[in-house]
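Inspection log for the structure reproduced underneath, given as structure tokens.
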Amino acid sequence: MRVRMIVNGEPVTAEAAPRQHLADFLRETLGLTGTHIGCEHGVCGACCVRLDGAVVRGCLTYAVQADGARVETIEGISDSGEIADLQAAFTERNALQCGYCTPGMLLSAQELLSEIAAPDRETIRNHLSGNYCRCTGYHAIIDAVEATARARAEAKR
Amino acid sequence: MKAAAFDYVRAESLAETLRILAERGEGARLIAGGQSLAPALNLRLAAPDLLVDIGALTQLRYIEPAGEALRIGALTRHVDIARSEWIARHCPLLTRAIAEVAHPAIRNRGTLGGSLAQADPAAELPACMMALDAVIVATGAGGERRIAAWDFFLGVYETALRADEVLTAVEIDGLDAERAYGFAELSRRRGDFAIVGLALAARRRAGGLAEMRLVYFGVSDRPTAAPGAAAALARRDIEAARAALAAELDPFADAQASSAMRLHLAGVLLERAFAQALEAAT
């Protein structure tokens, strides 16, 4: 089927079989391989993308369902500079090792920070509960998100 | 894994949806948020010929309070319920339960109707609907059919919904100031399906709680009420309530927990949910 969507600000028209999920469509058809694929049933969070502004699982949405939608991937929000500070905090705090979970982790964390300006560690943990990381043990990730929240709050003053 | 091949159509109206369902019968499946169906498709636990996407029927996405009653459209997303101030004030059981439904990215897309129609035995919302004595509205070619939540859940992924019907709304009544609630669940990772969970709804009466409903999830093939335990709990007899649970629940065993462990945890949750309800009542 023909699908049209706005991906990272650019209009895209392409063919997608109904059974192709959005993460595969982004990776294989559009070559946007920053969206990772782990479990393909919604458990691991590696495939998180933004769909019409909300973070969703790329593996639990079929590309045909995103016809007419606005999609943002890690490439888009990375290039725009929207999360440059969060990415720097991840590096600073060793919040990534192999990097497989990182795109999904960043998207989820950025969504939380846009909703709650100063989340406590428990809130950060809860919000990231759907994103598996098999390297870091999570503490460094929580540190990085918390540090970014603080820095943004400071900057606003 | 990847889903088996299926055809796809995006329905433009409820009438069109009903027509397609009537034509295609059991080979067609509705998809809304897809947060339960897509995992089943990707794992090839389900392989319909046709997916009918009702995600564009935005007229089914609403939260409509009317006095002490509430009607919620089937396409209302979990995130909508989580953010509803009216629900937080008048039906906090749902607010509390929604926070435990999977993870934020799934709550952004998953719908109330989808969760109820899927009828996963470990899901939170079906148990809440029973505890709240909700009515589930099914729309077919002949109009609306109203089904008590207590009669709706029939087994694993099995409901009273007919293949040619669409679950369109949920109605909850009696949301007055006398209501008290409790909700608790245990899972290995926050947001995962519960090992055991409990929804409690009751009415405040002088010095205590009455008309208590206890509905467990994650213990059998459907949400399971424990009326004997509820009656004992209303008398504040926790020991008797725990004893009643042993007679009323026969939890299944799986890799996560044995039957005995589930029964034990059900007793733990009983006390937690009761404490919440009492706190709300005082």
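In the structure tokens, each chain is lettered A, B, ... as it comes, each chain's residues begin at 1, and ligands are numbered from 1 in order of appearance.
Residues of chain B having any atom within 7 Å of chain A, counting only C-alpha atoms, are Met1, Ala3, Ala4, Ala5, Phe6, Asp7, Tyr8, Gly34, Gln35, Ala38, Pro39, Asn42, His103, Pro104, Ala105, Ile106, Asn108, Arg109, Arg190 and Gly191 of chain B.
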Write the residues of the preceding selection, restricted to C-alpha atoms, as a compact mmCIF listing (two decimals), in the first residue's frame.
```txt
# COMPACT_ATOMS: atom_id res chain seq x y z
CA MET B 1 9.07 -11.76 14.87
CA ALA B 3 3.36 -10.57 11.65
CA ALA B 4 1.93 -12.90 9.02
CA ALA B 5 0.54 -11.08 6.00
CA PHE B 6 -2.87 -9.46 6.34
CA ASP B 7 -4.99 -7.01 4.37
CA TYR B 8 -5.63 -3.62 5.85
CA GLY B 34 -2.96 -2.03 18.54
CA GLN B 35 -0.98 -2.30 21.76
CA ALA B 38 0.18 -6.00 17.44
CA PRO B 39 2.22 -8.09 19.89
CA ASN B 42 4.02 -10.13 15.65
CA HIS B 103 4.61 1.73 29.93
CA PRO B 104 4.19 5.37 28.87
CA ALA B 105 4.83 4.71 25.17
CA ILE B 106 2.12 2.04 25.21
CA ASN B 108 0.14 6.89 24.55
CA ARG B 109 -1.48 4.61 21.99
CA ARG B 190 6.86 -1.84 36.71
CA GLY B 191 4.44 -1.87 33.82
```
Practice prompt. Excluding range 202-204 of chain B and residues on its chain fewer than 5 positions from it, collect all residues at most 9 Å away from it, counting only C-alpha atoms, and give them as an MDAnalysis selection string.
Written response: chainID B and resid 131:132 177:182 209:214 234 277:278 281:282
Discussion item. Using DSSP secondary structure from the backbone, list all strand (DSSP E) positions within range 103-255 of chain B, as a PyMOL selection string.
Written reply: chain B and resi 135-140+143-148+153-155+158-159+166-172+179-186+196-205+208-217+224-225
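The residue set within 9 Å of Thr139 in chain B, counting only C-alpha atoms and dropping same-chain residues fewer than 5 places from it, reads B:Leu14, B:Leu18, B:Glu144, B:Arg145, B:Arg146, B:Asp164, B:Glu165, B:Val166, B:Leu167, B:Thr168, B:Ala169.
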Discussion item. Just list as an MDAnalysis selection string whatever in range 3-226 of chain B DSSP marks as helix (DSSP H, G or I).
Written reply: chainID B and resid 14:27 37:42 58:60 78:83 85:90 92:98 104:107 112:118 124:131 149:152
Worksheet item: Hey, what's within 12 Å of Glu72 in chain A if we count only C-alpha atoms and toss same-chain stuff fewer than 6 positions away? As an NGL selection string, please?
Response: :A and (5-11 or 22-23 or 26 or 32 or 34-35 or 47-56 or 58 or 66 or 78-80 or 82 or 103-104 or 107)
Worksheet entry | Residue neighbourhood Leu270 in chain B, 9 Å, only C-alpha atoms, exclusion window fewer than 3 positions, as number ranges by chain | B: 184, 198, 200, 214, 229, 233, 238, 241-242, 265-267, 273-275
Next, the residues of the selection above should be written as a PDB file, in the first residue's frame with C-alpha atoms.
```pdb
ATOM      1  CA  ALA B 184      -2.648  -2.800  44.077  1.00  0.00           C
ATOM      2  CA  LEU B 198      -6.583  -6.362  42.793  1.00  0.00           C
ATOM      3  CA  LEU B 200     -11.411  -2.772  45.164  1.00  0.00           C
ATOM      4  CA  LEU B 214     -12.917  -7.257  45.249  1.00  0.00           C
ATOM      5  CA  ALA B 229     -13.360 -12.085  51.175  1.00  0.00           C
ATOM      6  CA  LEU B 233     -13.196  -7.257  54.766  1.00  0.00           C
ATOM      7  CA  ILE B 238      -8.770  -9.461  57.661  1.00  0.00           C
ATOM      8  CA  ALA B 241     -10.945 -12.365  54.437  1.00  0.00           C
ATOM      9  CA  ARG B 242      -7.646 -14.159  53.850  1.00  0.00           C
ATOM     10  CA  LEU B 265       0.316 -12.398  47.256  1.00  0.00           C
ATOM     11  CA  ALA B 266      -3.444 -12.058  46.808  1.00  0.00           C
ATOM     12  CA  GLY B 267      -3.661 -11.827  50.604  1.00  0.00           C
ATOM     13  CA  ALA B 273      -5.982  -2.200  48.854  1.00  0.00           C
ATOM     14  CA  PHE B 274      -8.118  -2.248  51.995  1.00  0.00           C
ATOM     15  CA  ALA B 275      -5.778   0.221  53.710  1.00  0.00           C
TER      16      ALA B 275
END
```
Item to complete: Please identify all polymer residues within 8 Å of Asp192 in chain B, counting only C-alpha atoms, omitting same-chain residues fewer than 4 positions from it, and present them as a PyMOL selection string.
Response: chain B and resi 101-103+187-188
Worksheet item: With only C-alpha atoms as the basis for distance, which of A:Ala155, A:Ala46, A:Ala140, A:Ala14 is at the shortest distance from Arg93 in chain A?
Response: A:Ala140
Response to the item:
Separating CA of Arg236 in chain B from CA of Glu271 in chain B, to the nearest tenth of an Å, is a gap of 10.3 Å
